[in-house]
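Novice: Take a look at upload.cif, mmCIF, C-alpha atoms:
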```
data_coords
#
loop_
_atom_site.label_atom_id
_atom_site.label_comp_id
_atom_site.auth_asym_id
_atom_site.auth_seq_id
_atom_site.Cartn_x
_atom_site.Cartn_y
_atom_site.Cartn_z
CA MET T 677 133.26 55.05 -50.31
CA ILE T 678 129.61 55.97 -50.05
CA ASP T 679 128.85 59.57 -49.06
CA PRO T 680 128.83 59.52 -45.21
CA LYS T 681 125.97 62.03 -45.25
CA LEU T 682 123.87 59.62 -47.32
CA ILE T 683 124.62 56.80 -44.87
CA ARG T 684 123.57 58.93 -41.90
CA GLU T 685 120.44 60.31 -43.54
CA ASN T 686 119.28 57.31 -45.57
CA ILE T 687 120.45 54.12 -43.88
CA GLY T 688 117.51 52.33 -45.49
CA LEU T 689 119.03 52.82 -48.94
CA VAL T 690 122.31 51.31 -47.72
CA LYS T 691 120.45 48.31 -46.25
CA GLU T 692 118.62 47.81 -49.54
CA SER T 693 121.89 47.99 -51.48
CA LEU T 694 123.52 45.37 -49.25
CA GLU T 695 120.52 43.07 -49.65
CA LYS T 696 120.60 43.39 -53.44
CA ARG T 697 124.29 42.55 -53.48
CA GLY T 698 123.93 39.68 -51.03
CA ALA T 699 126.68 41.35 -49.01
CA SER T 700 127.18 40.70 -45.31
CA PHE T 701 127.72 43.77 -43.16
CA ASP T 702 126.83 44.56 -39.55
CA ILE T 703 124.60 47.57 -40.22
CA GLU T 704 123.26 47.53 -36.66
CA ARG T 705 126.78 47.91 -35.28
CA LEU T 706 127.40 50.82 -37.65
CA MET T 707 124.24 52.53 -36.45
CA GLY T 708 125.33 51.97 -32.86
CA VAL T 709 128.74 53.52 -33.55
CA GLU T 710 127.04 56.48 -35.23
CA GLU T 711 124.74 56.95 -32.24
CA LYS T 712 127.76 56.87 -29.91
CA ARG T 713 129.57 59.41 -32.11
CA ARG T 714 126.63 61.81 -32.00
CA ARG T 715 126.29 61.41 -28.24
CA LEU T 716 129.99 62.09 -27.68
CA ILE T 717 129.84 65.19 -29.87
CA GLN T 718 126.90 66.54 -27.87
CA GLU T 719 128.51 65.71 -24.54
CA THR T 720 131.85 67.19 -25.59
CA GLU T 721 130.21 70.41 -26.75
CA LYS T 722 128.23 70.59 -23.47
CA ILE T 723 131.28 70.15 -21.29
CA LYS T 724 133.28 72.63 -23.39
CA SER T 725 130.50 75.15 -22.81
CA GLU T 726 130.73 74.41 -19.09
CA LYS T 727 134.50 74.98 -19.23
CA ASN T 728 134.03 78.34 -20.92
CA LEU T 729 131.49 79.47 -18.33
CA LEU T 730 133.75 78.29 -15.50
CA SER T 731 136.75 80.08 -17.02
CA ASN T 732 134.75 83.31 -17.21
CA GLU T 733 133.63 82.94 -13.57
CA ILE T 734 137.22 82.39 -12.40
CA ALA T 735 138.40 85.41 -14.37
CA LYS T 736 135.73 87.62 -12.75
CA LEU T 737 136.53 86.34 -9.25
CA LYS T 738 140.26 86.93 -9.75
CA LYS T 739 139.53 90.43 -11.00
CA ALA T 740 137.50 91.04 -7.83
CA GLY T 741 140.50 89.93 -5.73
CA SER T 742 139.28 86.44 -4.83
CA ASN T 743 141.26 83.24 -5.11
CA PRO T 744 138.72 80.61 -6.33
CA VAL T 745 140.83 77.51 -5.57
CA GLU T 746 137.95 75.04 -5.73
CA LYS T 747 136.72 76.37 -9.06
CA ILE T 748 140.25 76.25 -10.49
CA GLU T 749 140.59 72.63 -9.38
CA HIS T 750 137.20 71.86 -10.89
CA LEU T 751 138.33 73.52 -14.13
CA ARG T 752 141.33 71.16 -14.25
CA THR T 753 139.00 68.19 -13.80
CA VAL T 754 136.72 69.47 -16.56
CA GLY T 755 139.76 69.92 -18.83
CA LYS T 756 140.84 66.32 -18.24
CA ASN T 757 137.31 65.12 -18.93
CA ILE T 758 137.33 67.00 -22.24
CA GLU T 759 140.64 65.41 -23.21
CA GLU T 760 139.28 61.93 -22.43
CA MET T 761 136.05 62.58 -24.34
CA GLU T 762 137.92 63.93 -27.36
CA LEU T 763 140.10 60.81 -27.40
CA SER T 764 136.99 58.66 -27.18
CA LEU T 765 135.35 60.69 -29.96
CA LYS T 766 138.43 60.35 -32.15
CA ALA T 767 138.48 56.57 -31.62
CA THR T 768 134.76 56.34 -32.36
CA GLU T 769 135.11 58.40 -35.56
CA LYS T 770 138.01 56.15 -36.62
CA GLU T 771 135.81 53.08 -36.00
CA TRP T 772 133.03 54.69 -38.08
CA GLU T 773 135.42 55.51 -40.94
CA ASP T 774 136.94 52.01 -40.90
CA MET T 775 133.47 50.49 -41.11
CA ILE T 776 132.19 52.60 -43.99
CA LEU T 777 135.37 51.81 -45.96
CA VAL T 778 134.20 48.20 -46.30
CA ILE T 779 130.64 48.99 -47.42
CA PRO T 780 130.35 48.27 -51.17
CA ASN T 781 129.12 50.87 -53.64
CA ILE T 782 125.39 51.32 -54.25
CA PRO T 783 124.36 49.74 -57.59
CA HIS T 784 122.91 52.01 -60.27
CA ASP T 785 119.15 51.75 -60.85
CA THR T 786 119.73 50.05 -64.22
CA VAL T 787 121.69 47.15 -62.70
CA PRO T 788 119.57 43.97 -62.62
CA VAL T 789 119.02 42.39 -59.21
CA GLY T 790 120.47 38.90 -58.97
CA ALA T 791 122.50 36.49 -56.87
CA GLY T 792 125.39 35.65 -59.18
CA ASP T 793 126.70 35.34 -62.74
CA GLU T 794 123.72 33.21 -63.77
CA ASP T 795 121.57 36.35 -63.36
CA ASN T 796 123.72 38.58 -65.58
CA GLN T 797 121.95 39.91 -68.68
CA VAL T 798 123.41 39.44 -72.17
CA VAL T 799 123.16 42.81 -73.91
CA ARG T 800 124.43 41.92 -77.39
CA PHE T 801 126.56 39.60 -79.52
CA SER T 802 129.14 40.63 -82.08
CA GLY T 803 130.53 38.64 -85.00
CA GLU T 804 130.15 34.98 -85.83
CA LYS T 805 131.57 31.92 -84.16
CA PRO T 806 134.28 30.30 -86.31
CA HIS T 807 133.52 26.94 -87.95
CA PHE T 808 136.13 24.19 -88.12
CA ASP T 809 136.28 20.91 -90.06
CA PHE T 810 138.25 19.45 -87.16
CA ASP T 811 137.97 19.40 -83.37
CA PRO T 812 139.45 22.70 -82.15
CA LEU T 813 142.02 22.52 -79.37
CA ALA T 814 142.30 24.57 -76.20
CA HIS T 815 145.08 27.15 -76.27
CA TRP T 816 147.23 25.27 -73.74
CA ASP T 817 147.39 22.26 -76.07
CA ILE T 818 148.13 24.46 -79.09
CA GLY T 819 150.79 26.41 -77.20
CA GLU T 820 152.59 23.32 -75.92
CA LYS T 821 152.55 21.60 -79.33
CA LEU T 822 153.97 24.71 -81.00
CA ASP T 823 156.43 25.24 -78.12
CA ILE T 824 155.32 28.85 -77.69
CA LEU T 825 153.79 28.46 -74.20
CA ASP T 826 155.71 26.56 -71.53
CA PHE T 827 153.77 26.01 -68.33
CA LYS T 828 156.05 23.34 -66.83
CA ARG T 829 159.20 25.46 -66.94
CA ALA T 830 157.33 28.48 -65.59
CA ALA T 831 156.20 26.32 -62.66
CA LYS T 832 159.82 25.27 -62.13
CA ILE T 833 160.97 28.91 -62.16
CA THR T 834 158.25 30.19 -59.82
CA GLY T 835 155.27 27.92 -59.21
CA SER T 836 151.81 27.17 -60.53
CA ARG T 837 149.78 29.77 -62.46
CA PHE T 838 152.73 31.31 -64.24
CA THR T 839 153.59 31.03 -67.95
CA LEU T 840 156.79 31.20 -69.96
CA TYR T 841 156.08 32.65 -73.41
CA LYS T 842 158.58 31.57 -76.09
CA GLY T 843 159.31 32.65 -79.66
CA CYS T 844 156.11 33.49 -81.53
CA GLY T 845 154.15 33.24 -78.29
CA ALA T 846 156.11 36.12 -76.74
CA LEU T 847 155.92 38.03 -80.04
CA LEU T 848 152.15 37.50 -80.24
CA GLU T 849 151.57 38.97 -76.77
CA ARG T 850 153.88 41.92 -77.47
CA ALA T 851 152.17 42.51 -80.82
CA LEU T 852 148.73 42.53 -79.21
CA ILE T 853 149.82 44.98 -76.50
CA ASN T 854 151.33 47.39 -79.05
CA PHE T 855 148.27 47.03 -81.29
CA MET T 856 145.90 47.82 -78.40
CA LEU T 857 147.92 50.81 -77.21
CA ASP T 858 148.12 52.23 -80.74
CA ILE T 859 144.37 51.90 -81.30
CA HIS T 860 143.45 53.46 -77.97
CA THR T 861 145.87 56.38 -78.36
CA THR T 862 145.43 57.15 -82.07
CA LYS T 863 141.78 56.17 -82.63
CA HIS T 864 140.08 56.53 -79.24
CA GLY T 865 141.86 59.59 -77.81
CA TYR T 866 143.50 58.14 -74.70
CA THR T 867 146.81 59.43 -73.34
CA GLU T 868 149.32 56.67 -72.65
CA VAL T 869 151.00 56.52 -69.24
CA LEU T 870 153.44 54.06 -67.69
CA PRO T 871 152.84 54.09 -63.91
CA PRO T 872 154.76 52.41 -61.07
CA PHE T 873 154.01 48.73 -60.60
CA MET T 874 154.20 49.08 -56.80
CA VAL T 875 151.94 51.37 -54.78
CA ASN T 876 151.52 52.37 -51.16
CA ARG T 877 148.67 51.53 -48.81
CA GLU T 878 146.87 54.85 -49.28
CA THR T 879 146.80 54.35 -53.05
CA MET T 880 145.32 50.86 -52.65
CA THR T 881 142.73 52.29 -50.28
CA GLY T 882 141.83 55.01 -52.78
CA THR T 883 140.59 52.55 -55.40
CA GLY T 884 138.93 50.19 -52.93
CA GLN T 885 141.33 47.22 -52.75
CA LEU T 886 142.07 48.07 -49.12
CA PRO T 887 141.17 47.44 -46.41
CA LYS T 888 138.70 44.75 -47.51
CA PHE T 889 140.83 42.70 -49.95
CA GLU T 890 144.32 42.75 -48.45
CA GLU T 891 144.55 38.94 -48.42
CA GLU T 892 144.23 38.94 -52.22
CA LEU T 893 147.19 41.27 -52.75
CA PHE T 894 150.95 40.71 -52.93
CA ARG T 895 152.64 42.86 -50.28
CA LEU T 896 156.39 43.50 -50.22
CA ASP T 897 158.09 42.11 -47.16
CA GLY T 898 159.48 44.90 -44.98
CA LEU T 899 157.70 47.65 -46.91
CA ASP T 900 154.10 48.77 -46.87
CA TYR T 901 154.08 48.59 -50.68
CA PHE T 902 151.88 46.34 -52.80
CA LEU T 903 152.29 44.92 -56.30
CA ILE T 904 149.43 46.29 -58.37
CA PRO T 905 146.52 43.95 -59.25
CA THR T 906 145.64 46.24 -62.18
CA ALA T 907 146.80 49.55 -63.69
CA GLU T 908 143.49 50.99 -62.49
CA VAL T 909 145.10 51.46 -59.06
CA PRO T 910 148.06 53.75 -59.90
CA VAL T 911 146.36 55.50 -62.82
CA THR T 912 143.21 56.42 -60.86
CA ASN T 913 145.41 57.80 -58.09
CA ILE T 914 147.29 60.14 -60.44
CA TYR T 915 144.94 62.89 -59.27
CA ALA T 916 144.55 61.87 -55.60
CA ASP T 917 144.23 64.95 -53.36
CA GLU T 918 143.91 67.23 -56.40
CA ILE T 919 141.23 69.55 -57.78
CA LEU T 920 140.76 69.42 -61.56
CA ARG T 921 139.08 72.01 -63.77
CA GLU T 922 135.69 71.23 -65.27
CA ASP T 923 136.94 72.09 -68.77
CA GLU T 924 139.66 69.39 -68.43
CA LEU T 925 137.07 66.62 -68.18
CA PRO T 926 136.85 63.94 -69.36
CA LEU T 927 140.45 62.85 -68.88
CA LYS T 928 141.25 59.53 -70.59
CA TYR T 929 144.32 57.40 -69.91
CA VAL T 930 145.58 54.05 -71.15
CA ALA T 931 148.34 51.99 -69.55
CA CYS T 932 149.82 48.55 -70.02
CA THR T 933 151.23 46.98 -66.89
CA PRO T 934 151.79 43.58 -65.38
CA CYS T 935 149.09 42.64 -62.87
CA PHE T 936 149.72 40.54 -59.77
CA ARG T 937 146.94 38.61 -58.04
CA LYS T 938 146.91 35.85 -55.45
CA GLU T 939 143.57 34.50 -56.71
CA ALA T 940 143.18 33.21 -53.16
CA GLY T 941 139.54 32.21 -53.56
CA ALA T 942 139.94 30.38 -56.87
CA HIS T 943 141.40 27.02 -55.83
CA GLY T 944 140.85 24.48 -58.60
CA LYS T 945 138.99 26.99 -60.79
CA ASP T 946 140.26 27.79 -64.31
CA THR T 947 143.79 26.75 -63.37
CA ARG T 948 144.82 25.49 -66.82
CA GLY T 949 146.45 27.72 -69.39
CA LEU T 950 146.36 31.52 -69.41
CA THR T 951 142.93 32.04 -67.86
CA ARG T 952 143.74 32.74 -64.22
CA GLN T 953 147.38 33.66 -63.62
CA HIS T 954 149.21 35.18 -60.67
CA GLN T 955 151.00 37.50 -63.11
CA PHE T 956 149.65 38.76 -66.42
CA ASN T 957 149.77 41.82 -68.67
CA LYS T 958 146.74 44.03 -69.20
CA VAL T 959 145.96 47.17 -71.14
CA GLU T 960 143.77 49.34 -68.92
CA LEU T 961 141.53 52.29 -69.78
CA VAL T 962 140.76 54.89 -67.08
CA LYS T 963 138.48 57.93 -67.28
CA PHE T 964 137.83 60.91 -64.99
CA THR T 965 134.50 62.52 -65.83
CA SER T 966 131.82 64.86 -64.52
CA PRO T 967 128.88 63.18 -62.76
CA GLU T 968 126.47 64.30 -65.49
CA SER T 969 128.40 62.58 -68.30
CA SER T 970 129.76 59.46 -66.59
CA TYR T 971 127.17 56.98 -67.89
CA ASP T 972 127.56 58.20 -71.47
CA GLU T 973 131.31 57.86 -70.96
CA LEU T 974 130.79 54.29 -69.70
CA GLU T 975 129.05 53.36 -72.94
CA GLY T 976 131.93 54.96 -74.88
CA LEU T 977 134.50 53.09 -72.79
CA LEU T 978 132.73 49.83 -73.53
CA LEU T 979 132.76 50.53 -77.27
CA ASP T 980 136.47 51.35 -77.15
CA ALA T 981 137.23 47.98 -75.54
CA GLU T 982 134.91 46.15 -77.96
CA ASP T 983 136.66 47.78 -80.91
CA ILE T 984 139.80 45.74 -80.26
CA LEU T 985 137.90 42.45 -80.71
CA LYS T 986 136.03 43.82 -83.73
CA ARG T 987 139.33 44.69 -85.41
CA LEU T 988 140.64 41.22 -84.60
CA ASN T 989 137.39 39.75 -85.97
CA ILE T 990 136.75 37.62 -82.89
CA HIS T 991 133.22 36.73 -81.76
CA TYR T 992 132.13 37.98 -78.32
CA ARG T 993 129.14 38.98 -76.25
CA VAL T 994 128.50 41.82 -73.81
CA SER T 995 126.82 41.12 -70.45
CA LEU T 996 125.43 43.54 -67.87
CA LEU T 997 126.39 42.29 -64.41
CA CYS T 998 123.69 41.83 -61.79
CA THR T 999 123.94 43.16 -58.24
CA GLY T 1000 125.27 39.88 -56.85
CA ASP T 1001 128.13 39.72 -59.36
CA LEU T 1002 129.06 43.40 -59.18
CA GLY T 1003 132.54 44.37 -57.98
CA PHE T 1004 132.95 46.03 -54.59
CA SER T 1005 133.63 49.56 -55.90
CA SER T 1006 131.42 49.48 -58.99
CA ALA T 1007 127.99 51.04 -59.47
CA LYS T 1008 127.54 49.42 -62.90
CA THR T 1009 129.66 46.98 -64.90
CA TYR T 1010 129.60 45.44 -68.35
CA ASP T 1011 131.65 42.32 -69.07
CA ILE T 1012 132.95 41.57 -72.55
CA GLU T 1013 133.10 37.79 -72.92
CA VAL T 1014 135.12 36.35 -75.79
CA TRP T 1015 134.25 33.06 -77.47
CA LEU T 1016 136.84 30.27 -77.02
CA PRO T 1017 136.04 27.40 -79.42
CA GLY T 1018 138.73 25.11 -78.00
CA GLN T 1019 136.94 25.17 -74.64
CA ASN T 1020 133.41 25.75 -76.00
CA ILE T 1021 132.81 28.63 -73.58
CA TYR T 1022 132.61 32.40 -73.33
CA ARG T 1023 135.33 33.87 -71.12
CA GLU T 1024 135.48 37.38 -69.65
CA ILE T 1025 138.19 39.43 -71.35
CA SER T 1026 137.22 42.90 -70.10
CA SER T 1027 135.14 44.51 -67.37
CA CYS T 1028 134.05 48.11 -67.96
CA SER T 1029 132.81 49.88 -64.84
CA ASN T 1030 131.49 53.19 -63.57
CA PHE T 1031 132.43 53.76 -59.92
CA GLU T 1032 130.62 57.11 -59.77
CA ASN T 1033 132.27 59.08 -56.91
CA PHE T 1034 133.02 55.99 -54.77
CA GLN T 1035 136.76 55.97 -55.54
CA ALA T 1036 137.02 59.76 -55.85
CA ARG T 1037 135.80 60.20 -52.26
CA ARG T 1038 138.38 57.74 -50.97
CA ALA T 1039 141.21 59.30 -53.02
CA ARG T 1040 139.88 62.87 -52.64
CA ILE T 1041 139.75 63.61 -56.38
CA ARG T 1042 137.62 66.66 -57.07
CA TYR T 1043 136.96 69.17 -59.82
CA ARG T 1044 135.91 72.80 -59.75
CA ARG T 1045 132.72 73.63 -61.56
CA GLN T 1046 132.56 76.80 -63.63
CA GLY T 1047 130.61 78.54 -60.87
CA GLY T 1048 133.43 77.85 -58.40
CA LYS T 1049 131.87 74.99 -56.43
CA THR T 1050 133.94 71.82 -56.06
CA ASP T 1051 132.54 68.32 -56.50
CA PHE T 1052 133.91 64.79 -56.70
CA VAL T 1053 134.67 63.44 -60.17
CA HIS T 1054 133.33 60.12 -61.37
CA THR T 1055 135.95 57.47 -62.19
CA LEU T 1056 135.59 54.69 -64.75
CA ASN T 1057 137.86 51.94 -65.95
CA GLY T 1058 137.91 48.92 -68.21
CA SER T 1059 140.32 46.40 -69.67
CA GLY T 1060 141.25 47.25 -73.18
CA LEU T 1061 142.07 44.25 -73.14
CA ALA T 1062 143.65 41.62 -70.89
CA ALA T 1063 146.65 40.59 -73.01
CA GLY T 1064 146.94 36.93 -71.99
CA ARG T 1065 143.26 36.25 -72.52
CA THR T 1066 143.44 37.95 -75.92
CA VAL T 1067 146.39 35.70 -76.80
CA MET T 1068 144.32 32.62 -75.99
CA ALA T 1069 141.36 34.03 -77.95
CA VAL T 1070 143.55 34.52 -81.04
CA MET T 1071 145.10 31.06 -80.64
CA GLU T 1072 141.78 29.26 -80.31
CA ASN T 1073 139.80 31.22 -82.91
CA TYR T 1074 142.54 31.29 -85.56
CA GLN T 1075 143.90 27.75 -85.16
CA THR T 1076 144.31 25.62 -88.28
CA LYS T 1077 143.93 21.93 -88.99
CA ASP T 1078 147.70 21.43 -89.19
CA GLY T 1079 148.09 22.83 -85.66
CA GLY T 1080 149.19 26.31 -86.69
CA ILE T 1081 147.73 29.75 -85.98
CA ILE T 1082 146.75 32.31 -88.61
CA VAL T 1083 147.73 35.84 -87.57
CA PRO T 1084 144.70 38.18 -87.66
CA GLU T 1085 145.06 40.73 -90.45
CA ALA T 1086 144.93 43.73 -88.07
CA LEU T 1087 147.84 42.27 -86.11
CA ARG T 1088 150.18 41.52 -89.01
CA PRO T 1089 151.98 44.89 -89.04
CA TYR T 1090 153.13 44.07 -85.49
CA MET T 1091 154.26 40.48 -86.19
CA GLN T 1092 157.51 41.06 -88.13
CA GLY T 1093 155.92 39.91 -91.38
CA ILE T 1094 154.60 36.64 -89.97
CA THR T 1095 151.13 35.84 -91.30
CA LYS T 1096 150.91 32.34 -89.84
CA ILE T 1097 152.57 30.57 -86.96
CA PRO T 1098 153.19 27.23 -88.66
CA GLY T 1099 151.99 23.95 -87.19
CA ALA T 1100 154.43 21.74 -85.35
#
```
Would you mind writing the file's structure down as structure tokens?

Specialist:
Amino acid sequence: MIDPKLIRENIGLVKESLEKRGASFDIERLMGVEEKRRRLIQETEKIKSEKNLLSNEIAKLKKAGSNPVEKIEHLRTVGKNIEEMELSLKATEKEWEDMILVIPNIPHDTVPVGAGDEDNQVVRFSGEKPHFDFDPLAHWDIGEKLDILDFKRAAKITGSRFTLYKGCGALLERALINFMLDIHTTKHGYTEVLPPFMVNRETMTGTGQLPKFEEELFRLDGLDYFLIPTAEVPVTNIYADEILREDELPLKYVACTPCFRKEAGAHGKDTRGLTRQHQFNKVELVKFTSPESSYDELEGLLLDAEDILKRLNIHYRVSLLCTGDLGFSSAKTYDIEVWLPGQNIYREISSCSNFENFQARRARIRYRRQGGKTDFVHTLNGSGLAAGRTVMAVMENYQTKDGGIIVPEALRPYMQGITKIPGA
């Protein structure tokens, strides 16, 4: 969440941020709640002072041998008034806290102002688009012809937006996951973790999924547990309510987990193939850094994610998201968009974000500077990469005229000696 002190002292900056994002929020109501909170604090302190004075008067009168019945009765009334005001203050502070939890992060100064993805800025391209002497197919057609992706049986087992990987399809996804994990741990310096795939409400709140996006999450019936939408959630919360040492930073973790998403607002959008699934595997990169180094670490995180596509020799571009396309918790985000020749489009395969101290405040993750002062860490994360979307990128970019798929050279040590998935 945004620093409450900043909200109270610079509400204009918050208004400007909301306008840049195109976000709807009742800022006037928030200001009204804050005014009520301040008034209740002042009134509570005033009446507590009155209680103290009254208590002292009663004590003096009793010492002098008097029995100040009326003052004692008045003291009881004042005490009840204090109790009522403290309850009202507590409720008002809870209302304030609930409201600021749904205010999105303030975009970094380098984020371009825009309304949506059409205003994102392409930063760079990498590699060349493949050239074919035939019409390239989309991955869902390739997968069904090779019998390595089965969407119909997955729908029978569960429902729409699920996939059954078979044979070389399952092997290809497993190979990509192992390849990514090995590169990130041995070449990029990340520590691998395997977190729980279910988390509690407080953990979801810590990374910003709750309370605003509860309708997009899968919640377990009878338990206040949620299936994770990304490994970012459990991994970021590893250090919730902890104080790290400055010399420990940056901390870098990588995890591969299944991700579960309702995709409630995506009816009819990208529903074919592996693009937008309710369940998919993703390799996630998470960093905990000092505030001074977090934007350098963001650039490094981006390069680490890009390195996977470079090693696979797949063409992509990097885009800087504008304010209107920025995620709720993010201060700055780059998208890596892979080229899919079978669909003739670029498709996002990784988002690399700096959340600054937005998540750390919610999860209470701090570090102690060398001088002894504590401060909130900055958290970052990025896909390194989404496994299913990397599978479709390999399938579409390495397809052959006979309907087969050439295995990228970097991936061959993980494919049990298979260099080509033969055409059907």

Novice: Show which residues sit within 10 Å of Arg829 (chain T), as a list in words. Count all atoms listed in the file, and ignore same-chain residues fewer than 6 positions away.

Specialist: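 Residues meeting the cut-off are Gly835, Ser836, Phe838, Thr839 and Leu840 of chain T.
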
Novice: Can you list what the PyMOL selection byres ((chain T and resi 949) around 12) grabs from this structure, as a count of residues only?

Specialist: 38

Novice: Could you produce a table of the residues of region 694-789 of chain T lying within 10 Å of region 887-907 of chain T, with the nearest pair of atoms per residue and their separation in Å rounded to one decimal, using all atoms listed in the file, ordered by chain and increasing residue number, as JSON lines?

Specialist:
```
{"residue": "T:Asp774", "atom": "CA", "partner": "T:Pro887", "partner_atom": "CA", "distance": 8.3}
{"residue": "T:Met775", "atom": "CA", "partner": "T:Pro887", "partner_atom": "CA", "distance": 9.8}
{"residue": "T:Leu777", "atom": "CA", "partner": "T:Pro887", "partner_atom": "CA", "distance": 7.3}
{"residue": "T:Val778", "atom": "CA", "partner": "T:Lys888", "partner_atom": "CA", "distance": 5.8}
{"residue": "T:Ile779", "atom": "CA", "partner": "T:Lys888", "partner_atom": "CA", "distance": 9.1}
{"residue": "T:Pro780", "atom": "CA", "partner": "T:Lys888", "partner_atom": "CA", "distance": 9.8}
```

Novice: List the neighbours of region 854-864 of chain T out to 12 Å using only C-alpha atoms; skip same-chain residues closer than 5 positions along the sequence, and give me the result as a VMD selection string.

Specialist: chain T and resid 847 to 849 869 to 870 928 to 933 957 to 962 976 to 988 1059 to 1063 1066 1084 to 1091

Novice: For this structure, which residues satisfy the selection - the PyMOL selection byres ((chain T and resi 684) around 12) - when it is evaluated on the file as given? I want them as a ChimeraX atom specification.

Specialist: /T:678-683,685-691,703,706-711,713-714,772,776

Novice: Looking at T:Ile1097, T:Ala916, T:Leu852, T:Val798, which one is nearest to Tyr1043 (chain T), with distances taken over all atoms listed in the file?

Specialist: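 Among the listed residues, the smallest separation from Tyr1043 (chain T) belongs to T:Ala916.
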
Novice: Evaluating the PyMOL selection byres ((chain T and resi 801) around 7) on the displayed file yields which residues, as JSON, numbers by chain?

Specialist: {"T": [800, 802, 803, 992, 993, 994]}

Novice: At what distance in Å, to one decimal, does CA of Asn1057 (chain T) lie from CA of Asn1030 (chain T)?

Specialist: 6.9 Å

Novice: Mind listing whatever residues come within 8 Å of the point (135.5, 50.8, -64.3)? Use only C-alpha atoms, file coordinates, and give them as a compact mmCIF listing (two decimals) with C-alpha atoms, in the frame of the given file.

Specialist:
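File written: point.txt
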```txt
# COMPACT_ATOMS: atom_id res chain seq x y z
CA VAL T 962 140.76 54.89 -67.08
CA LEU T 974 130.79 54.29 -69.70
CA SER T 1006 131.42 49.48 -58.99
CA THR T 1009 129.66 46.98 -64.90
CA SER T 1027 135.14 44.51 -67.37
CA CYS T 1028 134.05 48.11 -67.96
CA SER T 1029 132.81 49.88 -64.84
CA ASN T 1030 131.49 53.19 -63.57
CA PHE T 1031 132.43 53.76 -59.92
CA THR T 1055 135.95 57.47 -62.19
CA LEU T 1056 135.59 54.69 -64.75
CA ASN T 1057 137.86 51.94 -65.95
CA GLY T 1058 137.91 48.92 -68.21
```

Novice: In Å, how far is it from CA of Leu996 (chain T) to CA of Ile1012 (chain T)?

Specialist: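 Here the two named atoms are 9.1 Å from each other.
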
Novice: So the first atom is CA of Gly1080 (chain T) and the second is CA of Gln955 (chain T); what is the distance between them in Å, to one decimal place?

Specialist: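 Atom-to-atom, CA of Gly1080 (chain T) to CA of Gln955 (chain T), that is 26.2 Å.
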
Novice: Using 5 Å of padding on each side, determine the axis-aligned box around all atoms of region 828-847 of chain T present in the file and give its centre and edge lengths in Å to one decimal, as AutoDock Vina command-line options.

Specialist:
```
--center_x 155.4 --center_y 30.7 --center_z -70.4 --size_x 21.2 --size_y 24.7 --size_z 32.3
```

Novice: Skipping near chain neighbours, those fewer than 6 positions away, what residues fall within 12 Å of Glu760 (chain T) using only C-alpha atoms, listed as a PyMOL selection string?

Specialist: chain T and resi 716+719-720+723+753-754+766-767

Novice: Could you give me, as an NGL selection string, the residues within 10 Å of His784 (chain T), counting all atoms listed in the file and dropping anything in the same chain fewer than 2 positions from it?

Specialist: :T and (693 or 781-782 or 786-788 or 999 or 1006-1009 or 1030-1032)

Novice: Let's have the selection written as a PDB file, in the coordinates of the input, with C-alpha atoms.

Specialist:
```
ATOM      1  CA  SER T 693     121.890  47.990 -51.480  1.00  0.00           C
ATOM      2  CA  ASN T 781     129.120  50.870 -53.640  1.00  0.00           C
ATOM      3  CA  ILE T 782     125.390  51.320 -54.250  1.00  0.00           C
ATOM      4  CA  THR T 786     119.730  50.050 -64.220  1.00  0.00           C
ATOM      5  CA  VAL T 787     121.690  47.150 -62.700  1.00  0.00           C
ATOM      6  CA  PRO T 788     119.570  43.970 -62.620  1.00  0.00           C
ATOM      7  CA  THR T 999     123.940  43.160 -58.240  1.00  0.00           C
ATOM      8  CA  SER T1006     131.420  49.480 -58.990  1.00  0.00           C
ATOM      9  CA  ALA T1007     127.990  51.040 -59.470  1.00  0.00           C
ATOM     10  CA  LYS T1008     127.540  49.420 -62.900  1.00  0.00           C
ATOM     11  CA  THR T1009     129.660  46.980 -64.900  1.00  0.00           C
ATOM     12  CA  ASN T1030     131.490  53.190 -63.570  1.00  0.00           C
ATOM     13  CA  PHE T1031     132.430  53.760 -59.920  1.00  0.00           C
ATOM     14  CA  GLU T1032     130.620  57.110 -59.770  1.00  0.00           C
TER      15      GLU T1032
END
```

Novice: Quick one: of T:Lys724, T:Val909, T:Ala1036, T:Glu794, who's nearest to Glu759 (chain T), counting only C-alpha atoms?

Specialist: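 Nearest candidate to Glu759 (chain T) out of T:Lys724, T:Val909, T:Ala1036, T:Glu794: T:Lys724.
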
Novice: Pick out the residues sitting within 9 Å of Lys747 (chain T), and hand them over as number ranges by chain; count all atoms listed in the file, and ignore anything fewer than 3 positions along from it in its own chain.

Specialist: T: 730-731, 733-734, 744, 750-752

Novice: Select, from T:Gly1000, T:Pro871, T:Gly884, T:Gly845, the residue with the minimum atom-to-atom distance to Ala699 (chain T), counting all atoms listed in the file.

Specialist: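 Once distances to Ala699 (chain T) are computed over all atoms listed in the file, the minimum belongs to T:Gly1000.
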